Each structure stands twice: as C-alpha cells, then as structure tokens.
$ cat query_14.json   # JSON, C-alpha atoms
[["chain", "number", "residue", "atom", "x", "y", "z"],
["A", 1, "MET", "CA", -144.99, -10.48, 193.41],
["A", 2, "THR", "CA", -145.97, -9.29, 189.98],
["A", 3, "ALA", "CA", -147.08, -11.56, 187.20],
["A", 4, "ALA", "CA", -144.23, -13.51, 185.64],
["A", 5, "GLY", "CA", -142.86, -11.73, 182.62],
["A", 6, "PRO", "CA", -141.23, -13.31, 179.61],
["A", 7, "GLU", "CA", -137.86, -13.17, 181.45],
["A", 8, "THR", "CA", -139.10, -15.61, 184.11],
["A", 9, "PRO", "CA", -140.75, -18.48, 182.25],
["A", 10, "GLN", "CA", -142.61, -21.00, 184.39],
["A", 11, "PRO", "CA", -141.83, -24.70, 183.89],
["A", 12, "ALA", "CA", -144.53, -26.70, 182.17],
["A", 13, "ALA", "CA", -145.23, -28.75, 185.26],
["A", 14, "ALA", "CA", -144.38, -27.24, 188.64],
["A", 15, "PRO", "CA", -141.61, -29.33, 190.26],
["A", 16, "ALA", "CA", -142.25, -30.86, 193.67],
["A", 17, "PRO", "CA", -141.34, -28.42, 196.45],
["A", 18, "THR", "CA", -138.93, -31.02, 197.84],
["A", 19, "ARG", "CA", -137.16, -31.61, 194.52],
["A", 20, "VAL", "CA", -133.90, -29.91, 195.47],
["A", 21, "ARG", "CA", -133.71, -31.65, 198.83],
["A", 22, "GLU", "CA", -134.42, -35.00, 197.18],
["A", 23, "HIS", "CA", -131.52, -34.52, 194.78],
["A", 24, "LEU", "CA", -129.22, -33.42, 197.59],
["A", 25, "ALA", "CA", -130.27, -36.47, 199.62],
["A", 26, "ASN", "CA", -129.49, -38.65, 196.61],
["A", 27, "GLU", "CA", -126.06, -37.02, 196.37],
["A", 28, "ARG", "CA", -125.36, -37.57, 200.08],
["A", 29, "THR", "CA", -126.35, -41.18, 199.61],
["A", 30, "LEU", "CA", -123.88, -41.59, 196.74],
["A", 31, "LEU", "CA", -121.15, -40.03, 198.89],
["A", 32, "ALA", "CA", -122.04, -42.41, 201.73],
["A", 33, "TRP", "CA", -121.63, -45.27, 199.25],
["A", 34, "VAL", "CA", -118.25, -43.94, 198.15],
["A", 35, "ARG", "CA", -117.11, -43.64, 201.79],
["A", 36, "THR", "CA", -118.27, -47.19, 202.47],
["A", 37, "SER", "CA", -116.46, -48.40, 199.37],
["A", 38, "VAL", "CA", -113.27, -46.60, 200.39],
["A", 39, "ALA", "CA", -113.53, -48.04, 203.92],
["A", 40, "LEU", "CA", -113.89, -51.54, 202.47],
["A", 41, "MET", "CA", -110.90, -50.86, 200.22],
["A", 42, "GLY", "CA", -108.89, -49.68, 203.24],
["A", 43, "LEU", "CA", -109.88, -52.76, 205.23],
["A", 44, "GLY", "CA", -108.85, -55.00, 202.33],
["A", 45, "PHE", "CA", -105.57, -53.16, 201.89],
["A", 46, "VAL", "CA", -104.69, -53.35, 205.58],
["A", 47, "VAL", "CA", -105.55, -57.05, 205.77],
["A", 48, "ALA", "CA", -103.53, -57.88, 202.65],
["A", 49, "ARG", "CA", -100.47, -55.74, 203.46],
["A", 50, "PHE", "CA", -100.33, -56.56, 207.14],
["A", 51, "GLY", "CA", -100.28, -60.28, 206.34],
["A", 52, "LEU", "CA", -97.39, -59.62, 203.97],
["A", 53, "PHE", "CA", -95.60, -57.57, 206.64],
["A", 54, "LEU", "CA", -95.95, -60.37, 209.19],
["A", 55, "ARG", "CA", -94.56, -62.92, 206.71],
["A", 56, "GLN", "CA", -91.58, -60.68, 206.11],
["A", 57, "LEU", "CA", -91.07, -60.22, 209.85],
["A", 58, "ALA", "CA", -91.24, -63.97, 210.43],
["A", 59, "LEU", "CA", -88.60, -64.51, 207.72],
["A", 60, "GLU", "CA", -86.28, -61.93, 209.30],
["A", 61, "ARG", "CA", -86.64, -63.55, 212.72],
["A", 62, "ALA", "CA", -86.08, -66.96, 211.11],
["A", 63, "ALA", "CA", -89.36, -67.99, 212.70],
["A", 64, "PRO", "CA", -91.88, -70.22, 210.96],
["A", 65, "PRO", "CA", -93.76, -67.95, 208.53],
["A", 66, "GLU", "CA", -97.48, -67.28, 208.54],
["A", 67, "PRO", "CA", -99.02, -70.57, 207.48],
["A", 68, "SER", "CA", -101.18, -69.34, 204.62],
["A", 69, "HIS", "CA", -101.86, -66.59, 202.13],
["A", 70, "ALA", "CA", -105.36, -66.16, 203.56],
["A", 71, "SER", "CA", -104.61, -62.53, 204.46],
["A", 72, "GLU", "CA", -103.74, -61.61, 200.88],
["A", 73, "VAL", "CA", -106.71, -63.50, 199.43],
["A", 74, "ILE", "CA", -109.24, -61.92, 201.83],
["A", 75, "GLY", "CA", -107.70, -58.48, 201.31],
["A", 76, "ALA", "CA", -107.75, -58.70, 197.50],
["A", 77, "ALA", "CA", -111.35, -59.96, 197.56],
["A", 78, "LEU", "CA", -112.38, -56.98, 199.70],
["A", 79, "VAL", "CA", -110.73, -54.48, 197.37],
["A", 80, "GLY", "CA", -112.45, -56.12, 194.38],
["A", 81, "ALA", "CA", -115.83, -56.06, 196.14],
["A", 82, "SER", "CA", -115.39, -52.38, 196.99],
["A", 83, "VAL", "CA", -114.94, -51.54, 193.30],
["A", 84, "VAL", "CA", -118.11, -53.49, 192.42],
["A", 85, "LEU", "CA", -120.06, -51.61, 195.12],
["A", 86, "ALA", "CA", -118.80, -48.24, 193.87],
["A", 87, "VAL", "CA", -119.90, -49.02, 190.30],
["A", 88, "LEU", "CA", -123.31, -50.38, 191.35],
["A", 89, "SER", "CA", -124.05, -47.42, 193.62],
["A", 90, "THR", "CA", -123.11, -44.94, 190.88],
["A", 91, "ILE", "CA", -125.54, -46.65, 188.48],
["A", 92, "ARG", "CA", -128.14, -46.53, 191.26],
["A", 93, "PHE", "CA", -127.46, -42.80, 191.79],
["A", 94, "PHE", "CA", -128.28, -41.95, 188.18],
["A", 95, "ARG", "CA", -131.39, -44.15, 188.22],
["A", 96, "ALA", "CA", -132.63, -42.48, 191.42],
["A", 97, "ARG", "CA", -131.88, -39.09, 189.84],
["A", 98, "THR", "CA", -134.20, -39.84, 186.91],
["A", 99, "GLN", "CA", -136.84, -41.24, 189.25],
["A", 100, "ILE", "CA", -136.73, -38.11, 191.43],
["A", 101, "GLU", "CA", -137.24, -35.92, 188.36],
["A", 102, "ARG", "CA", -140.29, -38.02, 187.44],
["A", 103, "GLY", "CA", -141.56, -38.28, 191.03],
["A", 104, "THR", "CA", -141.54, -42.07, 190.84],
["A", 105, "TYR", "CA", -138.78, -43.06, 193.25],
["A", 106, "GLU", "CA", -138.62, -46.80, 193.89],
["A", 107, "PRO", "CA", -136.60, -48.13, 196.85],
["A", 108, "GLU", "CA", -134.20, -50.95, 196.03],
["A", 109, "ALA", "CA", -132.32, -53.36, 198.22],
["A", 110, "PHE", "CA", -129.91, -55.29, 196.01],
["A", 111, "THR", "CA", -126.77, -53.17, 196.51],
["A", 112, "GLU", "CA", -127.44, -52.77, 200.23],
["A", 113, "VAL", "CA", -127.89, -56.53, 200.68],
["A", 114, "LEU", "CA", -124.69, -57.10, 198.69],
["A", 115, "ALA", "CA", -122.74, -54.60, 200.81],
["A", 116, "VAL", "CA", -123.87, -56.18, 204.08],
["A", 117, "GLY", "CA", -123.32, -59.68, 202.68],
["A", 118, "VAL", "CA", -119.78, -58.94, 201.52],
["A", 119, "THR", "CA", -118.88, -57.27, 204.82],
["A", 120, "VAL", "CA", -120.32, -60.07, 206.95],
["A", 121, "LEU", "CA", -118.70, -62.80, 204.83],
["A", 122, "ALA", "CA", -115.36, -60.99, 204.97],
["A", 123, "GLY", "CA", -115.73, -60.60, 208.73],
["A", 124, "ILE", "CA", -116.48, -64.30, 209.20],
["A", 125, "GLY", "CA", -113.50, -65.19, 207.00],
["A", 126, "LEU", "CA", -111.32, -62.79, 208.98],
["A", 127, "LEU", "CA", -112.52, -64.26, 212.30],
["A", 128, "GLY", "CA", -111.79, -67.78, 211.12],
["A", 129, "TYR", "CA", -108.37, -66.68, 209.97],
["A", 130, "LEU", "CA", -107.60, -64.90, 213.27],
["A", 131, "LEU", "CA", -108.66, -67.95, 215.27],
["A", 132, "ALA", "CA", -106.74, -70.35, 213.02],
["A", 133, "THR", "CA", -103.41, -68.48, 213.11],
["A", 134, "GLY", "CA", -101.22, -67.96, 216.10],
["B", 1, "MET", "CA", -150.86, -39.89, 200.52],
["B", 2, "ARG", "CA", -147.49, -41.59, 200.72],
["B", 3, "GLY", "CA", -144.45, -40.37, 202.64],
["B", 4, "ARG", "CA", -145.78, -39.75, 206.17],
["B", 5, "GLY", "CA", -148.69, -37.87, 204.64],
["B", 6, "ALA", "CA", -146.34, -35.22, 203.30],
["B", 7, "GLY", "CA", -146.01, -36.49, 199.77],
["B", 8, "GLU", "CA", -143.69, -38.34, 197.44],
["B", 9, "GLY", "CA", -140.67, -36.12, 198.13],
["B", 10, "VAL", "CA", -140.61, -36.95, 201.84],
["B", 11, "ARG", "CA", -140.91, -40.65, 201.05],
["B", 12, "THR", "CA", -137.94, -40.46, 198.67],
["B", 13, "ARG", "CA", -135.83, -38.65, 201.25],
["B", 14, "ASP", "CA", -136.85, -41.13, 203.96],
["B", 15, "HIS", "CA", -135.67, -44.03, 201.79],
["B", 16, "LEU", "CA", -132.38, -42.32, 200.92],
["B", 17, "ALA", "CA", -131.77, -41.48, 204.59],
["B", 18, "ASN", "CA", -132.44, -45.14, 205.42],
["B", 19, "VAL", "CA", -129.80, -46.24, 202.91],
["B", 20, "ARG", "CA", -127.26, -43.81, 204.41],
["B", 21, "THR", "CA", -128.02, -45.03, 207.92],
["B", 22, "THR", "CA", -127.50, -48.63, 206.80],
["B", 23, "LEU", "CA", -124.18, -47.72, 205.21],
["B", 24, "ALA", "CA", -123.10, -45.96, 208.42],
["B", 25, "TRP", "CA", -123.84, -49.19, 210.33],
["B", 26, "VAL", "CA", -121.88, -51.26, 207.81],
["B", 27, "ARG", "CA", -118.92, -48.85, 208.04],
["B", 28, "THR", "CA", -119.02, -49.07, 211.84],
["B", 29, "GLY", "CA", -118.83, -52.85, 211.53],
["B", 30, "MET", "CA", -115.89, -52.58, 209.11],
["B", 31, "ILE", "CA", -113.99, -50.29, 211.48],
["B", 32, "LEU", "CA", -114.50, -52.74, 214.34],
["B", 33, "MET", "CA", -113.23, -55.57, 212.11],
["B", 34, "ALA", "CA", -110.13, -53.60, 211.13],
["B", 35, "LEU", "CA", -109.49, -52.65, 214.75],
["B", 36, "GLY", "CA", -109.88, -56.28, 215.84],
["B", 37, "TYR", "CA", -107.57, -57.50, 213.09],
["B", 38, "ALA", "CA", -104.89, -54.94, 213.97],
["B", 39, "SER", "CA", -105.19, -55.71, 217.69],
["B", 40, "ASP", "CA", -104.93, -59.46, 217.11],
["B", 41, "LYS", "CA", -101.95, -59.17, 214.78],
["B", 42, "THR", "CA", -99.96, -56.61, 216.79],
["B", 43, "ALA", "CA", -100.45, -58.64, 219.99],
["B", 44, "ALA", "CA", -97.99, -61.23, 218.67],
["B", 45, "LEU", "CA", -95.35, -58.55, 218.14],
["B", 46, "GLU", "CA", -95.49, -57.28, 221.73],
["B", 47, "ALA", "CA", -93.05, -58.52, 224.36],
["B", 48, "ALA", "CA", -94.22, -61.74, 225.99],
["B", 49, "GLY", "CA", -95.99, -61.07, 229.27],
["B", 50, "SER", "CA", -97.00, -57.50, 228.42],
["B", 51, "PRO", "CA", -100.75, -56.85, 228.78],
["B", 52, "LEU", "CA", -101.14, -56.21, 225.06],
["B", 53, "HIS", "CA", -99.49, -59.53, 224.28],
["B", 54, "VAL", "CA", -101.80, -61.31, 226.71],
["B", 55, "TYR", "CA", -105.11, -59.51, 226.03],
["B", 56, "GLY", "CA", -104.55, -58.25, 222.48],
["B", 57, "ARG", "CA", -105.68, -61.45, 220.81],
["B", 58, "PRO", "CA", -108.94, -62.09, 222.68],
["B", 59, "LEU", "CA", -109.76, -58.38, 222.49],
["B", 60, "GLY", "CA", -109.06, -58.37, 218.77],
["B", 61, "VAL", "CA", -111.17, -61.44, 218.08],
["B", 62, "ALA", "CA", -113.97, -59.96, 220.19],
["B", 63, "ALA", "CA", -113.82, -56.65, 218.30],
["B", 64, "ALA", "CA", -113.85, -58.41, 214.91],
["B", 65, "GLY", "CA", -116.78, -60.55, 216.09],
["B", 66, "ALA", "CA", -118.62, -57.44, 217.25],
["B", 67, "GLY", "CA", -117.96, -55.93, 213.81],
["B", 68, "VAL", "CA", -119.60, -58.92, 212.13],
["B", 69, "VAL", "CA", -122.63, -58.65, 214.43],
["B", 70, "VAL", "CA", -122.95, -54.89, 213.81],
["B", 71, "ALA", "CA", -122.69, -55.27, 210.02],
["B", 72, "ALA", "CA", -125.15, -58.18, 210.00],
["B", 73, "ALA", "CA", -127.62, -56.29, 212.20],
["B", 74, "ALA", "CA", -127.68, -53.50, 209.61],
["B", 75, "LEU", "CA", -129.62, -55.65, 207.12],
["B", 76, "PRO", "CA", -132.77, -56.51, 209.11],
["B", 77, "ARG", "CA", -132.79, -52.91, 210.39],
["B", 78, "PHE", "CA", -132.65, -51.64, 206.80],
["B", 79, "LEU", "CA", -135.40, -53.92, 205.52],
["B", 80, "ARG", "CA", -137.68, -53.21, 208.48],
["B", 81, "ALA", "CA", -137.25, -49.45, 208.18],
["B", 82, "ARG", "CA", -137.80, -49.74, 204.42],
["B", 83, "ALA", "CA", -141.12, -51.53, 204.92],
["B", 84, "ARG", "CA", -142.16, -49.04, 207.60],
["B", 85, "ILE", "CA", -141.39, -46.07, 205.35],
["B", 86, "GLU", "CA", -143.62, -47.62, 202.69],
["B", 87, "SER", "CA", -146.41, -48.11, 205.23],
["B", 88, "ALA", "CA", -145.80, -44.57, 206.57],
["B", 89, "ARG", "CA", -145.51, -45.62, 210.21],
["B", 90, "PHE", "CA", -141.83, -45.53, 211.12],
["B", 91, "GLU", "CA", -141.05, -46.40, 214.73],
["B", 92, "PRO", "CA", -137.49, -45.75, 215.83],
["B", 93, "ARG", "CA", -135.94, -48.56, 217.85],
["B", 94, "PRO", "CA", -133.18, -47.00, 219.88],
["B", 95, "TRP", "CA", -132.33, -50.08, 221.97],
["B", 96, "ALA", "CA", -129.98, -51.70, 219.48],
["B", 97, "ASP", "CA", -128.22, -48.36, 218.98],
["B", 98, "LEU", "CA", -127.95, -47.74, 222.72],
["B", 99, "ALA", "CA", -126.63, -51.27, 223.32],
["B", 100, "LEU", "CA", -123.98, -50.79, 220.64],
["B", 101, "VAL", "CA", -122.87, -47.42, 221.99],
["B", 102, "ALA", "CA", -122.72, -48.81, 225.54],
["B", 103, "ALA", "CA", -120.68, -51.80, 224.36],
["B", 104, "LEU", "CA", -118.32, -49.56, 222.40],
["B", 105, "GLY", "CA", -117.91, -47.22, 225.37],
["B", 106, "LEU", "CA", -117.06, -50.18, 227.57],
["B", 107, "GLY", "CA", -114.58, -51.43, 224.98],
["B", 108, "VAL", "CA", -112.90, -48.03, 224.77],
["B", 109, "VAL", "CA", -112.51, -47.94, 228.56],
["B", 110, "VAL", "CA", -110.96, -51.43, 228.54],
["B", 111, "VAL", "CA", -108.55, -50.45, 225.75],
["B", 112, "LEU", "CA", -107.56, -47.21, 227.51],
["B", 113, "ILE", "CA", -106.87, -49.06, 230.78],
["B", 114, "LEU", "CA", -104.89, -51.65, 228.84],
["B", 115, "LEU", "CA", -102.81, -49.00, 227.09],
["B", 116, "SER", "CA", -102.17, -47.12, 230.33],
["B", 117, "VAL", "CA", -100.78, -50.23, 232.05],
["B", 118, "THR", "CA", -98.69, -51.33, 229.05],
["B", 119, "ARG", "CA", -94.91, -51.12, 229.52]]
$ encode --input "query_14.json" --output "structure tokens"
Amino acid sequence: MTAAGPETPQPAAAPAPTRVREHLANERTLLAWVRTSVALMGLGFVVARFGLFLRQLALERAAPPEPSHASEVIGAALVGASVVLAVLSTIRFFRARTQIERGTYEPEAFTEVLAVGVTVLAGIGLLGYLLATG
Amino acid sequence: MRGRGAGEGVRTRDHLANVRTTLAWVRTGMILMALGYASDKTAALEAAGSPLHVYGRPLGVAAAGAGVVVAAAALPRFLRARARIESARFEPRPWADLALVAALGLGVVVVLILLSVTR
C-alpha cells in the first residue's frame, strides 16, 4: 500500500472495525421487529376473522351464535398493538444507528418488555376465551 | 474493555443479537397460539366422534397455553442475557431451548398421528 493520495481521503477519526457489521446487525434487528409485528398482525387478523366466520356459520346452521364478540375485540387489539410495536422499533432503529456511529450504544428494554407483555396478555385472553366458549 | 474483551462493536452486536433472539422466541409463542386457536375452533366443525373433534380442543388449548409459556419465558431470558452481555460473561443455557424443541417434536408427532387416523 502506498501513502493515501488526495483521491483517498482518510476520515477524521477512524471508524470502529466492526462499524459495518454493527449497522447490519441493527438492520437485521429492525427486520426481526417488522416480522414480529407482521406475525402479531396476522394472529390478530386470524382471531378476529375466524370469530366472525364462526358466527356466520352458526347463523347459517340456525345454531346459537358465538356468545360474545371477544374474538373481534382481541383480534383488533392485537392489530393495534402490532402497529405500535412497528413504530416504536423504527424509532429505536434510528436511535441505535446514531449510537453506533458515535460508539455509544445503550441497550434498552422497553419495546421488548412491551412486545412480550402484549403477546402474553393476548395469549391469556385467548386461552380464557377458548376455555369459556364451546 | 467491554464486549467480551473485543471492544464496543462486539458488545453492540451482542445486544442486537439478543433482541433478535428474544423476538424469535416471541414469534414462536405467537405461532403456537395461532395454531392452538385454529385447532380449538376447527375441532367444533369436524364430524362428531372424529378424532379431531374429540382431541382438537384439548390439543388447541394446550398449544395456546404452551405459546403463552414460550412468549413469557422470552422476557427473563432476554433480561438475563442482557445483564450477562454487560458483565461480559455470557453463559448459554440450552436446557430451556432443548425442552421446547423436544415438546414441539412430541406435539408434531401427536398431530401427525391424529391427522393420519382422521376420517
């Protein structure tokens, strides 16, 4: 290697050797958040629509309909929560991006705790609903 | 020096990998919940007396319950790994993972047997 000429200026401060991999890891993390959000959306959609489908089926068979709208409520809540998670994780992505550039990454837990909390609460609600309906 | 003695960049990537692992656990829980819900709800539509009609509901409730457990287990795992990354002494704990995979494998076998004897 020859000395750097004017065509290849050196950055003022040499970036960390892992800088590129850190940014790519951050990007993979955002994509994992998006996948999780989409999965939650899908779960909510299935729960809401399937409840509707069963009500319709019960009407056609002249059977007593599903007793409650719990399916639709749980499903809509899940879709709403998935949107919130997508927004929060995108904000987090840009914050982490700045922190990586500065070499001052700080781990957070709020969005992760929220994601687990929402999923567990939805699961408990779903379980209660499954056990309560015939 | 932070980050397993290899610097700030490794620490950052460790934390991001931990977040992705947690999300993978949460997604696994969600899939189990959806599977359980579908199993429970389709059981009622099957002909009375068919195996799916008989076992679909308990299997579905069990799968949804397992999904709740899996999703809930993701949080302590996340926080513990997070603290360990900060203290630069991560110790993998494969037992919970192995137990989950074994339980899922068993569940798949049960479902396959059930489907093969249906109708």
$ interface_residues --input "query_14.json" --of "chain B" --to "chain A" --cutoff "8 Å" --atoms "all atoms listed in the file" --output "count of residues only"
34
$ atom_distance --input "query_14.json" --atom1 "atom CA of Val54 of chain B" --atom2 "atom CA of Val73 of chain A"
27.8 Å
$ atom_distance --input "query_14.json" --atom1 "atom CA of Leu115 of chain B" --atom2 "atom CA of Glu60 of chain A"
27.5 Å
$ residues_around --input "query_14.json" --residues "segment 100-108 of chain B" --least-positions-apart "5" --cutoff "9 Å" --atoms "all atoms listed in the file" --output "list in words"
Leu59, Ala63, Val70, Trp95 and Ile113 of chain B
$ closest_residue --input "query_14.json" --among "B:Phe78, B:Arg11, B:Arg84, B:Leu52" --to "Ser116 of chain B" --atoms "only C-alpha atoms"
B:Leu52
$ axis_aligned_box --input "query_14.json" --around "segment 83-97 of chain B" --padding-each-side "4 Å" --output "JSON"
{"center_x": -137.3, "center_y": -48.1, "center_z": 212.3, "size_x": 26.2, "size_y": 15.1, "size_z": 27.3}
$ atom_distance --input "query_14.json" --atom1 "atom CA of His53 of chain B" --atom2 "atom CA of Val111 of chain B"
12.9 Å
$ closest_residue --input "query_14.json" --among "B:Thr21, B:Ala38, B:Gly60, B:Gly29" --to "Ala48 of chain A" --atoms "all atoms listed in the file"
B:Ala38
$ residues_around --input "query_14.json" --residues "Ser82 of chain A" --least-positions-apart "3" --cutoff "7 Å" --atoms "all atoms listed in the file" --output "PDB file with C-alpha atoms, in the coordinates of the input"
ATOM      1  CA  SER A  37    -116.460 -48.400 199.370  1.00  0.00           C
ATOM      2  CA  LEU A  40    -113.890 -51.540 202.470  1.00  0.00           C
ATOM      3  CA  MET A  41    -110.900 -50.860 200.220  1.00  0.00           C
ATOM      4  CA  LEU A  78    -112.380 -56.980 199.700  1.00  0.00           C
ATOM      5  CA  VAL A  79    -110.730 -54.480 197.370  1.00  0.00           C
ATOM      6  CA  LEU A  85    -120.060 -51.610 195.120  1.00  0.00           C
ATOM      7  CA  ALA A  86    -118.800 -48.240 193.870  1.00  0.00           C
TER       8      ALA A  86
END
